[in-house]
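S.K.: My structure is stored as upload-v4.cif, with mmCIF, C-alpha atoms.
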```cif
data_protein
#
loop_
_atom_site.label_atom_id
_atom_site.label_comp_id
_atom_site.auth_asym_id
_atom_site.auth_seq_id
_atom_site.Cartn_x
_atom_site.Cartn_y
_atom_site.Cartn_z
CA MET A 1 -1.76 6.33 29.21
CA LYS A 2 1.36 4.94 27.54
CA LEU A 3 3.21 6.14 24.46
CA GLY A 4 4.16 4.02 21.46
CA LEU A 5 6.52 5.00 18.64
CA GLN A 6 5.02 4.05 15.27
CA LEU A 7 7.80 3.22 12.81
CA GLY A 8 5.32 2.24 10.10
CA TYR A 9 6.39 0.51 6.90
CA TRP A 10 9.10 1.53 4.47
CA GLY A 11 8.72 3.61 1.37
CA ALA A 12 10.85 3.14 -1.73
CA GLN A 13 13.99 2.84 0.41
CA PRO A 14 14.73 1.93 4.04
CA PRO A 15 14.21 4.93 6.33
CA GLN A 16 17.17 6.75 7.84
CA GLY A 17 17.73 7.60 11.51
CA VAL A 18 15.44 4.93 12.93
CA ALA A 19 18.05 3.60 15.36
CA GLU A 20 18.28 7.05 16.95
CA LEU A 21 14.49 7.28 17.23
CA VAL A 22 14.28 3.88 18.89
CA ALA A 23 17.10 4.70 21.32
CA ALA A 24 15.43 7.98 22.23
CA ALA A 25 12.10 6.22 22.79
CA GLU A 26 13.74 3.66 25.08
CA ASP A 27 15.51 6.38 27.09
CA ALA A 28 12.48 8.69 27.22
CA GLY A 29 10.15 6.09 28.71
CA PHE A 30 8.02 5.17 25.68
CA ASP A 31 6.27 1.87 26.35
CA ALA A 32 6.70 0.30 22.90
CA ILE A 33 7.82 0.65 19.30
CA PHE A 34 5.62 -0.62 16.48
CA SER A 35 6.35 -1.59 12.90
CA ALA A 36 3.92 -2.15 10.05
CA GLU A 37 3.75 -3.91 6.69
CA ALA A 38 1.94 -3.32 3.40
CA TRP A 39 3.47 -4.94 0.30
CA GLY A 40 7.11 -4.07 0.77
CA SER A 41 8.93 -4.30 4.09
CA ASP A 42 7.69 -6.84 6.64
CA ALA A 43 6.71 -6.08 10.23
CA PHE A 44 8.93 -8.52 12.15
CA THR A 45 12.44 -7.92 10.77
CA PRO A 46 12.69 -4.22 11.73
CA LEU A 47 11.75 -5.08 15.31
CA ALA A 48 14.48 -7.70 15.48
CA TRP A 49 17.04 -5.36 13.90
CA TRP A 50 16.34 -2.10 15.73
CA GLY A 51 15.06 -3.71 18.89
CA ARG A 52 18.31 -5.59 19.49
CA GLU A 53 19.86 -2.49 21.07
CA THR A 54 16.98 -2.06 23.52
CA SER A 55 16.34 -3.82 26.81
CA ARG A 56 13.05 -2.48 28.16
CA ILE A 57 10.76 -1.18 25.45
CA ARG A 58 8.11 -3.54 24.05
CA LEU A 59 8.18 -4.58 20.40
CA GLY A 60 4.84 -4.53 18.60
CA THR A 61 3.54 -5.17 15.11
CA SER A 62 0.94 -2.72 13.85
CA ILE A 63 -0.05 -4.65 11.95
CA VAL A 64 0.85 -8.12 10.62
CA GLN A 65 -1.33 -9.11 7.66
CA MET A 66 -2.81 -12.51 8.50
CA SER A 67 -3.02 -13.73 4.91
CA GLY A 68 0.72 -13.23 4.38
CA ARG A 69 1.70 -16.23 6.50
CA ALA A 70 0.20 -19.42 7.83
CA PRO A 71 -0.98 -19.00 11.44
CA THR A 72 1.74 -21.37 12.63
CA SER A 73 4.33 -19.29 10.77
CA ILE A 74 3.13 -16.14 12.54
CA ALA A 75 3.43 -18.02 15.82
CA MET A 76 7.00 -19.06 14.96
CA HIS A 77 7.96 -15.42 14.32
CA VAL A 78 6.43 -14.40 17.64
CA LEU A 79 7.99 -17.29 19.56
CA THR A 80 11.45 -16.52 18.14
CA LEU A 81 11.34 -12.75 18.65
CA ASP A 82 9.89 -13.12 22.13
CA HIS A 83 12.89 -15.24 23.15
CA LEU A 84 15.39 -12.87 21.55
CA SER A 85 13.82 -9.83 23.23
CA GLY A 86 13.29 -11.38 26.65
CA GLY A 87 9.50 -11.46 26.46
CA ARG A 88 8.67 -8.04 24.99
CA VAL A 89 6.54 -8.88 21.94
CA ILE A 90 3.05 -7.56 21.23
CA LEU A 91 1.45 -9.29 18.26
CA GLY A 92 -0.76 -6.86 16.36
CA MET A 93 -2.63 -8.45 13.45
CA GLY A 94 -5.31 -7.57 10.92
CA VAL A 95 -7.06 -8.97 7.87
CA SER A 96 -5.94 -6.14 5.51
CA GLY A 97 -8.23 -5.69 2.47
CA PRO A 98 -9.23 -7.71 -0.58
CA GLN A 99 -6.98 -5.78 -2.94
CA VAL A 100 -3.90 -6.80 -0.94
CA VAL A 101 -5.05 -10.24 0.21
CA GLU A 102 -6.12 -11.44 -3.23
CA GLY A 103 -3.83 -9.26 -5.35
CA TRP A 104 -0.58 -9.60 -3.42
CA TYR A 105 -0.88 -12.79 -1.37
CA GLY A 106 -3.11 -14.70 -3.76
CA GLN A 107 -5.45 -15.76 -0.98
CA PRO A 108 -9.25 -15.51 -0.73
CA PHE A 109 -10.54 -12.60 1.35
CA ALA A 110 -13.96 -14.06 2.17
CA LYS A 111 -15.04 -14.73 5.78
CA PRO A 112 -12.53 -12.38 7.48
CA LEU A 113 -14.10 -12.76 10.93
CA ALA A 114 -14.04 -16.55 10.85
CA ARG A 115 -10.49 -16.55 9.53
CA THR A 116 -9.38 -14.19 12.29
CA ARG A 117 -10.86 -16.44 14.97
CA GLU A 118 -9.04 -19.46 13.57
CA VAL A 119 -5.72 -17.62 13.27
CA VAL A 120 -5.86 -16.40 16.87
CA ASP A 121 -6.80 -19.83 18.19
CA ILE A 122 -3.98 -21.59 16.32
CA ILE A 123 -1.38 -19.07 17.49
CA ARG A 124 -2.51 -19.45 21.08
CA GLN A 125 -2.25 -23.24 20.74
CA VAL A 126 1.33 -22.98 19.47
CA LEU A 127 2.40 -20.65 22.27
CA ALA A 128 0.63 -22.66 24.99
CA ARG A 129 2.40 -25.84 23.77
CA GLU A 130 0.03 -28.01 25.75
CA ALA A 131 -0.72 -30.45 22.91
CA PRO A 132 -0.07 -30.94 19.19
CA VAL A 133 -1.71 -28.14 17.24
CA THR A 134 -4.92 -29.01 15.40
CA ASN A 135 -7.67 -26.99 13.77
CA ALA A 136 -10.94 -28.32 12.39
CA GLY A 137 -11.98 -25.00 10.85
CA PRO A 138 -12.38 -24.69 7.09
CA HIS A 139 -9.85 -21.89 6.56
CA TYR A 140 -6.66 -23.28 8.13
CA PRO A 141 -7.23 -27.03 8.61
CA LEU A 142 -4.51 -28.76 10.61
CA PRO A 143 -3.50 -31.36 9.60
CA PHE A 144 -4.41 -30.66 5.97
CA HIS A 145 -6.37 -33.47 4.29
CA GLY A 146 -7.82 -31.56 1.34
CA GLU A 147 -7.26 -31.83 -2.39
CA GLY A 148 -3.63 -32.50 -3.19
CA SER A 149 -2.82 -33.91 0.24
CA VAL A 150 -0.53 -36.95 0.36
CA GLY A 151 -2.14 -37.97 3.65
CA LEU A 152 1.00 -37.80 5.78
CA GLY A 153 0.31 -34.65 7.76
CA LYS A 154 0.40 -35.03 11.54
CA PRO A 155 -0.30 -32.64 14.42
CA LEU A 156 2.90 -31.10 15.77
CA LYS A 157 4.06 -29.11 18.78
CA PRO A 158 6.72 -26.41 18.40
CA ILE A 159 10.24 -27.73 18.90
CA VAL A 160 11.20 -24.59 20.82
CA HIS A 161 9.46 -24.09 24.14
CA PRO A 162 7.91 -20.60 24.04
CA LEU A 163 9.25 -18.10 26.54
CA ARG A 164 5.67 -16.97 27.27
CA ALA A 165 2.61 -19.11 26.83
CA ASP A 166 0.36 -16.10 26.34
CA VAL A 167 1.82 -13.26 24.24
CA PRO A 168 -0.53 -10.24 23.99
CA ILE A 169 -2.55 -10.26 20.76
CA TRP A 170 -4.02 -6.95 19.59
CA LEU A 171 -6.25 -6.89 16.53
CA GLY A 172 -6.87 -4.19 13.97
CA ALA A 173 -10.63 -3.92 13.47
CA GLU A 174 -13.00 -1.33 11.98
CA GLY A 175 -16.58 -2.62 11.60
CA PRO A 176 -19.10 -3.43 14.37
CA LYS A 177 -18.79 -7.23 14.13
CA ASN A 178 -15.01 -7.15 13.90
CA VAL A 179 -14.64 -4.78 16.86
CA ALA A 180 -16.99 -6.93 18.96
CA GLN A 181 -15.03 -10.06 18.11
CA THR A 182 -11.79 -8.26 18.96
CA ALA A 183 -13.12 -7.42 22.43
CA GLU A 184 -14.08 -11.07 22.83
CA ILE A 185 -10.94 -12.92 21.70
CA ALA A 186 -8.06 -10.43 21.86
CA ASP A 187 -6.05 -8.61 24.51
CA GLY A 188 -6.19 -5.26 22.76
CA TRP A 189 -7.47 -3.31 19.79
CA ILE A 190 -5.64 -1.16 17.22
CA PRO A 191 -8.28 1.11 15.69
CA ILE A 192 -7.32 3.14 12.66
CA PHE A 193 -9.72 6.08 13.20
CA TYR A 194 -10.47 6.33 16.90
CA THR A 195 -11.04 9.90 18.06
CA PRO A 196 -12.66 11.61 21.05
CA LYS A 197 -15.72 12.47 18.92
CA SER A 198 -16.09 8.99 17.43
CA ALA A 199 -15.28 7.04 20.60
CA GLY A 200 -18.92 6.76 21.63
CA MET A 201 -19.73 4.90 18.41
CA TYR A 202 -17.39 2.07 19.34
CA GLN A 203 -18.43 1.53 22.96
CA PRO A 204 -21.54 -0.66 22.31
CA TRP A 205 -19.54 -2.82 19.90
CA LEU A 206 -16.81 -3.32 22.50
CA ASP A 207 -19.35 -3.99 25.24
CA GLU A 208 -20.97 -6.69 23.10
CA GLY A 209 -17.65 -8.50 22.85
CA PHE A 210 -16.80 -8.16 26.54
CA ALA A 211 -20.22 -9.62 27.43
CA ARG A 212 -19.80 -12.79 25.37
CA PRO A 213 -19.20 -16.07 27.24
CA GLY A 214 -15.49 -16.81 27.49
CA ALA A 215 -14.34 -13.28 26.67
CA ARG A 216 -10.64 -12.99 27.54
CA ARG A 217 -10.64 -9.46 28.94
CA THR A 218 -12.78 -6.90 30.64
CA ARG A 219 -12.84 -3.24 29.72
CA ALA A 220 -10.67 -2.49 32.76
CA VAL A 221 -7.67 -4.42 31.39
CA PHE A 222 -8.31 -4.27 27.64
CA GLU A 223 -5.77 -2.24 25.65
CA ILE A 224 -6.77 0.36 23.05
CA ALA A 225 -3.85 1.65 21.01
CA ALA A 226 -4.95 4.64 18.93
CA THR A 227 -2.81 6.18 16.19
CA CYS A 228 -2.61 9.93 15.67
CA HIS A 229 -0.23 12.69 14.64
CA LEU A 230 0.81 14.75 17.66
CA GLN A 231 2.51 18.10 17.12
CA VAL A 232 3.11 21.06 19.38
CA VAL A 233 2.76 24.43 17.62
CA SER A 234 3.37 27.99 18.73
CA ASP A 235 0.18 29.67 17.49
CA ALA A 236 -2.99 29.33 15.43
CA GLU A 237 -1.22 30.15 12.18
CA GLU A 238 1.26 27.30 12.62
CA LYS A 239 -1.56 24.96 13.60
CA ALA A 240 -3.45 25.83 10.41
CA ALA A 241 -0.37 24.93 8.39
CA VAL A 242 -0.03 21.57 10.12
CA VAL A 243 -3.73 20.80 9.68
CA ASP A 244 -3.40 21.65 5.99
CA ALA A 245 -0.40 19.31 5.70
CA MET A 246 -2.39 16.44 7.28
CA ARG A 247 -5.41 16.91 5.01
CA PRO A 248 -4.03 14.76 2.11
CA PHE A 249 -3.60 11.76 4.41
CA VAL A 250 -7.25 11.96 5.45
CA SER A 251 -8.42 12.20 1.85
CA LEU A 252 -6.21 9.24 0.88
CA TYR A 253 -7.84 6.94 3.42
CA MET A 254 -11.32 8.31 2.81
CA GLY A 255 -11.16 8.17 -0.96
CA GLY A 256 -8.19 6.26 -2.27
CA MET A 257 -7.70 3.14 -0.17
CA GLY A 258 -9.35 0.24 -1.96
CA ALA A 259 -11.98 -0.01 -4.64
CA LYS A 260 -15.22 1.96 -4.59
CA GLU A 261 -17.19 -1.09 -3.50
CA ALA A 262 -14.63 -2.19 -0.89
CA ASN A 263 -13.00 0.67 1.00
CA PHE A 264 -13.37 -0.23 4.67
CA HIS A 265 -11.73 3.03 5.75
CA ASN A 266 -14.32 4.99 3.80
CA GLN A 267 -17.05 3.08 5.63
CA VAL A 268 -15.61 4.16 8.97
CA PHE A 269 -15.95 7.81 7.97
CA VAL A 270 -19.54 7.09 6.92
CA ARG A 271 -20.26 5.68 10.38
CA MET A 272 -18.62 8.78 11.90
CA GLY A 273 -21.28 10.92 10.21
CA TYR A 274 -19.47 11.98 7.03
CA GLU A 275 -21.47 9.93 4.51
CA ASP A 276 -21.95 12.63 1.87
CA LEU A 277 -18.40 13.92 2.25
CA ALA A 278 -16.94 10.40 2.05
CA ALA A 279 -18.87 9.65 -1.12
CA GLU A 280 -17.75 12.84 -2.85
CA VAL A 281 -14.12 12.54 -1.75
CA GLN A 282 -14.01 8.95 -2.98
CA LYS A 283 -15.62 9.91 -6.30
CA LEU A 284 -13.05 12.64 -6.93
CA TYR A 285 -10.10 10.62 -5.68
CA LEU A 286 -10.84 7.59 -7.84
CA ALA A 287 -11.31 9.93 -10.82
CA GLY A 288 -7.75 11.17 -10.33
CA GLU A 289 -8.76 14.56 -8.89
CA LYS A 290 -6.82 14.17 -5.66
CA ASP A 291 -6.35 17.90 -5.03
CA ARG A 292 -10.08 18.59 -5.29
CA ALA A 293 -10.80 15.64 -3.00
CA THR A 294 -8.28 16.86 -0.44
CA ALA A 295 -9.68 20.41 -0.49
CA LEU A 296 -13.03 19.05 0.75
CA ILE A 297 -11.61 17.67 4.01
CA PRO A 298 -12.78 20.01 6.81
CA ASP A 299 -10.41 21.37 9.44
CA GLU A 300 -12.56 20.02 12.26
CA LEU A 301 -12.18 16.44 11.02
CA VAL A 302 -8.39 16.70 10.86
CA ASP A 303 -8.38 18.36 14.28
CA ASP A 304 -10.47 15.53 15.74
CA MET A 305 -8.28 12.80 14.26
CA HIS A 306 -5.00 14.29 15.46
CA ILE A 307 -3.54 16.16 18.42
CA ILE A 308 -2.25 19.50 17.19
CA GLY A 309 -1.95 22.63 19.30
CA THR A 310 0.08 24.59 21.80
CA ALA A 311 1.69 22.69 24.65
CA GLY A 312 -1.28 23.35 26.90
CA GLU A 313 -3.77 22.39 24.22
CA VAL A 314 -1.90 19.17 23.47
CA LYS A 315 -1.94 18.11 27.11
CA GLU A 316 -5.66 18.88 27.31
CA LYS A 317 -6.43 16.90 24.14
CA VAL A 318 -4.33 13.93 25.26
CA ALA A 319 -6.39 13.84 28.45
CA GLN A 320 -9.55 13.76 26.33
CA TRP A 321 -8.27 10.76 24.38
CA GLU A 322 -7.37 8.99 27.62
CA GLU A 323 -10.83 9.61 29.04
CA THR A 324 -12.36 7.69 26.12
CA GLY A 325 -10.43 4.53 27.04
CA VAL A 326 -7.24 4.89 25.01
CA THR A 327 -4.39 3.14 26.84
CA THR A 328 -1.62 3.81 24.31
CA LEU A 329 -1.06 6.61 21.82
CA LEU A 330 0.83 5.44 18.74
CA LEU A 331 2.84 8.40 17.48
CA SER A 332 5.04 8.94 14.44
CA CYS A 333 7.97 11.13 15.46
CA ARG A 334 10.44 12.64 13.02
CA SER A 335 13.49 13.07 15.24
CA ALA A 336 15.00 11.92 18.52
CA GLU A 337 14.52 15.45 19.82
CA GLU A 338 10.80 15.26 19.08
CA VAL A 339 10.57 11.90 20.87
CA ARG A 340 12.17 13.41 23.95
CA SER A 341 10.08 16.59 23.90
CA VAL A 342 6.79 14.65 23.56
CA ALA A 343 7.76 12.36 26.43
CA GLU A 344 8.74 15.34 28.61
CA LEU A 345 5.52 17.20 27.84
CA LEU A 346 3.31 14.21 28.63
CA ALA A 347 5.32 12.74 31.50
#
```
Written as C-alpha cells, that's how I'd like the structure from this file.

M.R.:
Amino acid sequence: MKLGLQLGYWGAQPPQGVAELVAAAEDAGFDAIFSAEAWGSDAFTPLAWWGRETSRIRLGTSIVQMSGRAPTSIAMHVLTLDHLSGGRVILGMGVSGPQVVEGWYGQPFAKPLARTREVVDIIRQVLAREAPVTNAGPHYPLPFHGEGSVGLGKPLKPIVHPLRADVPIWLGAEGPKNVAQTAEIADGWIPIFYTPKSAGMYQPWLDEGFARPGARRTRAVFEIAATCHLQVVSDAEEKAAVVDAMRPFVSLYMGGMGAKEANFHNQVFVRMGYEDLAAEVQKLYLAGEKDRATALIPDELVDDMHIIGTAGEVKEKVAQWEETGVTTLLLSCRSAEEVRSVAELLA
C-alpha cells in the first residue's frame, strides 16, 4: 500500500509550511501529494506551484469539481501539468453537491452519473488526440448547436500533443450507482468514508462495475485511495484525546454538509448502519446545536474511520485497511517530522 499526502484546500489564508511538507514527502517515499478545492482555492495551481520542486512524487487532485470547468478545460489543465511534471498527474474528479454546483458554479446538478460519464469520455478523447473531439450527449454537446449558437462551432483537437494519452482518472463516488460506474469507467476510486468495517458494503457495487462490458480495470489493478487521519499516540489517554478532537469533523459531515434533503455524506452513514444517529445529528446540527450533535458521535465510529493508536496498533490497523483493497492511504500531516515518522513506521 502506498502513501499520499493530502494537502486539502485552503482556509481563509494560504497555508504555511507546505513546501517543507511536500519536500519531506518526496524524500520519505510517499507516492503522491493531493490537493483539493471547495469554493476558494483551486486544485491545480497548488500542484504546479509546490510540485515544481519535486521530481518523483505524483501530483493528484482530490478532487476537481466537474461543474467548475468545461470537460475540455479540465483536460487542458491535465495536459499542461502532465507535461510540466514529466507525466506525474493523477486526475481525481467528483460531482460535488447541489449546493455548490448550483449555488457557486451556477450549473444544474441533475443527472450526475450521466454527466460524469460524458466528462470522462471527453477528457479521454482530448488526451488520446486521435480525432477532433465530439460529444453527442445532452450535457456537454460538442460542437454546441443549442440556443444562442452562431453555428460556427467545429470539432477540434488539442494544439499541444499530450505527453500521455491515458492519464489515470480517479473518481470520488459515494452511492451504489456512482461507485459501480466508477469501477466501470475509471482507473481508481476516492471514497470519502471507506473503513475496514464498511468495506464489505462497497464490494458488490464495485464488482457490478468491474463486470460490465468494456470495464477499463479489474479489481487487481484498480486503485482505491482512502482518506483518514493517522496518528501515533503513547497510551489510551492520549488516544481518547485525539478521538475527541476528531469527533467534530465526523459530526460536520454527518449533519452539516448540505441541506437536510440532500446530504450525500449523511446517506453514507445511513448505509453504514447509523441511520438513527445520522438523523439526530443532522437535526441538531442544522438547528445550530453543533456541540450537542458532536457529543452524540460514538468513539467506535471515529476509531473505525481513522487510524489512531500506539505504533504497534497503527501498523496493525493499516494492515487491516490494506486487506480490504485500499491501495493508497491519503493522510493529512502537520509537519515534515510527522511525514518522515509515518513513512518510517510504515516502510

S.K.: Give as a PyMOL selection string each residue that has an atom at most 12 Å from (-10.9, -3.0, 24.1) in the file, counting only C-alpha atoms.

M.R.: chain A and resi 169-173+178-191+194+199+202-211+215-226+324-328

S.K.: Written as a list in words, what is the full residue list that the PyMOL selection byres ((chain A and resi 94-110) around 8) yields on the file shown?

M.R.: Trp39, Ile63, Val64, Gln65, Met66, Ser67, Gly68, Gly92, Met93, Lys111, Pro112, Thr116, Leu171, Gly172, Ala173, Gly258, Ala259, Ala262 and Phe264 of chain A

S.K.: Would you list the contacts of range 22-27 of chain A as a list in words, taking every protein, DNA or RNA residue within 7 Å and counting all atoms listed in the file, but skipping same-chain residues closer than 5 positions in sequence?

M.R.: Thr54, Arg56, Ile57, Ala336, Val339 and Arg340 of chain A

S.K.: Suppose you want the space between CA of Ala347 in chain A and CA of Ser234 in chain A; what is it in Å?

M.R.: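 Between these atoms lies a distance of 20.0 Å.
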
S.K.: Can you translate the PyMOL selection byres ((chain A and resi 118) around 10) into the concrete residues it hits in this file, as an NGL selection string?

M.R.: :A and (71 or 112-117 or 119-124 or 135-141)

S.K.: Name the residues in contact with Met254 in chain A at a cut-off of 8 Å, using only C-alpha atoms, excluding same-chain residues fewer than 5 positions from it; report them as a PyMOL selection string.

M.R.: chain A and resi 265-266+269+278+281-282

S.K.: Work out how far CA of Ser55 in chain A is from CA of Gly29 in chain A, in Å to one decimal.

M.R.: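 Taking CA of Gly29 in chain A and CA of Ser55 in chain A, their separation equals 11.8 Å.
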
S.K.: Might you pull out every residue within 12 Å of Leu277 in chain A, with only C-alpha atoms counted and same-chain residues fewer than 3 positions away left off, and present them as a list in words?

M.R.: Val250, Ser251, Met254, Gly255, Asn266, Gln267, Phe269, Val270, Arg271, Met272, Gly273, Tyr274, Glu280, Val281, Gln282, Lys283, Leu284, Tyr285, Ala293, Thr294, Ala295, Leu296, Ile297, Pro298 and Leu301 of chain A

S.K.: Would you mind exporting C-alpha atoms of the selected residues as a compact mmCIF listing (two decimals), in the coordinates of the input?

M.R.:
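Contents of part06.txt, freshly written:
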```
# COMPACT_ATOMS: atom_id res chain seq x y z
CA VAL A 250 -7.25 11.96 5.45
CA SER A 251 -8.42 12.20 1.85
CA MET A 254 -11.32 8.31 2.81
CA GLY A 255 -11.16 8.17 -0.96
CA ASN A 266 -14.32 4.99 3.80
CA GLN A 267 -17.05 3.08 5.63
CA PHE A 269 -15.95 7.81 7.97
CA VAL A 270 -19.54 7.09 6.92
CA ARG A 271 -20.26 5.68 10.38
CA MET A 272 -18.62 8.78 11.90
CA GLY A 273 -21.28 10.92 10.21
CA TYR A 274 -19.47 11.98 7.03
CA GLU A 280 -17.75 12.84 -2.85
CA VAL A 281 -14.12 12.54 -1.75
CA GLN A 282 -14.01 8.95 -2.98
CA LYS A 283 -15.62 9.91 -6.30
CA LEU A 284 -13.05 12.64 -6.93
CA TYR A 285 -10.10 10.62 -5.68
CA ALA A 293 -10.80 15.64 -3.00
CA THR A 294 -8.28 16.86 -0.44
CA ALA A 295 -9.68 20.41 -0.49
CA LEU A 296 -13.03 19.05 0.75
CA ILE A 297 -11.61 17.67 4.01
CA PRO A 298 -12.78 20.01 6.81
CA LEU A 301 -12.18 16.44 11.02
```

S.K.: So what does the PyMOL selection byres ((chain A and resi 164) around 9) actually pick up in this one, as a ChimeraX atom specification?

M.R.: /A:79,82-83,87,127-128,161-163,165-167

S.K.: Name all residues at most 6 Å from Asp31 in chain A (count all atoms listed in the file; drop same-chain ones fewer than 6 positions away) and give them as a list of chain:residue names.

M.R.: A:Lys2, A:Leu3, A:Gly4, A:Ile57

S.K.: How far is it from CA of Phe249 in chain A to CA of Gly60 in chain A, in Å with one decimal?

M.R.: 23.2 Å

S.K.: Between A:His306, A:Ala245, A:Trp321, A:Gly256, which has the minimum distance to Leu286 in chain A (counting all atoms listed in the file)?

M.R.: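 Of the candidates, the smallest distance to Leu286 in chain A is held by A:Gly256.
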
S.K.: Within 7 Å of range 308-317 of chain A, counting all atoms listed in the file, which residues qualify if same-chain residues fewer than 5 places away don't, as a list of chain:residue names?

M.R.: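 Near range 308-317 of chain A, the qualifying residues are A:Leu230, A:Gln231, A:Val232, A:Val233, A:Ser234, A:Asp235, A:Lys239, A:Asp303, A:Leu346.
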
S.K.: My structure is short of atoms at range 199-219 of chain A; please model N, CA and C atoms there, returning them as a short mmCIF file (atom, residue, chain, number, x, y, z; two decimals), keeping the file's coordinate frame.

M.R.:
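Saved file rebuild-v2.cif follows:
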```cif
data_model
loop_
_atom_site.label_atom_id
_atom_site.label_comp_id
_atom_site.auth_asym_id
_atom_site.auth_seq_id
_atom_site.Cartn_x
_atom_site.Cartn_y
_atom_site.Cartn_z
N ALA A 199 -15.45 8.11 19.61
CA ALA A 199 -15.28 7.04 20.60
C ALA A 199 -16.60 6.43 21.04
N GLY A 200 -17.63 7.26 21.18
CA GLY A 200 -18.92 6.76 21.63
C GLY A 200 -19.52 5.73 20.69
N MET A 201 -19.22 5.84 19.39
CA MET A 201 -19.73 4.90 18.41
C MET A 201 -19.24 3.49 18.68
N TYR A 202 -18.01 3.38 19.17
CA TYR A 202 -17.39 2.07 19.34
C TYR A 202 -17.78 1.37 20.64
N GLN A 203 -18.24 2.12 21.64
CA GLN A 203 -18.43 1.53 22.96
C GLN A 203 -19.44 0.38 22.97
N PRO A 204 -20.62 0.48 22.32
CA PRO A 204 -21.54 -0.66 22.31
C PRO A 204 -20.95 -1.89 21.63
N TRP A 205 -20.16 -1.68 20.60
CA TRP A 205 -19.54 -2.82 19.90
C TRP A 205 -18.55 -3.53 20.83
N LEU A 206 -17.75 -2.74 21.54
CA LEU A 206 -16.81 -3.32 22.50
C LEU A 206 -17.56 -4.04 23.62
N ASP A 207 -18.59 -3.39 24.14
CA ASP A 207 -19.35 -3.99 25.24
C ASP A 207 -19.97 -5.33 24.83
N GLU A 208 -20.41 -5.42 23.58
CA GLU A 208 -20.97 -6.69 23.10
C GLU A 208 -19.93 -7.80 23.19
N GLY A 209 -18.70 -7.49 22.80
CA GLY A 209 -17.65 -8.50 22.85
C GLY A 209 -17.27 -8.88 24.27
N PHE A 210 -17.15 -7.87 25.15
CA PHE A 210 -16.80 -8.16 26.54
C PHE A 210 -17.86 -9.02 27.23
N ALA A 211 -19.12 -8.90 26.79
CA ALA A 211 -20.22 -9.62 27.43
C ALA A 211 -20.36 -11.06 26.95
N ARG A 212 -19.65 -11.45 25.90
CA ARG A 212 -19.80 -12.79 25.37
C ARG A 212 -19.18 -13.82 26.32
N PRO A 213 -19.77 -15.01 26.40
CA PRO A 213 -19.20 -16.07 27.24
C PRO A 213 -17.77 -16.39 26.81
N GLY A 214 -16.88 -16.48 27.78
CA GLY A 214 -15.49 -16.81 27.49
C GLY A 214 -14.64 -15.66 27.03
N ALA A 215 -15.15 -14.44 27.06
CA ALA A 215 -14.34 -13.28 26.67
C ALA A 215 -13.07 -13.23 27.51
N ARG A 216 -11.95 -12.94 26.85
CA ARG A 216 -10.64 -12.99 27.54
C ARG A 216 -10.43 -11.83 28.51
N ARG A 217 -10.95 -10.66 28.16
CA ARG A 217 -10.64 -9.46 28.94
C ARG A 217 -11.90 -8.72 29.33
N THR A 218 -11.75 -7.86 30.30
CA THR A 218 -12.78 -6.90 30.64
C THR A 218 -12.31 -5.53 30.16
N ARG A 219 -13.22 -4.59 30.14
CA ARG A 219 -12.84 -3.24 29.72
C ARG A 219 -11.71 -2.68 30.58
#
```
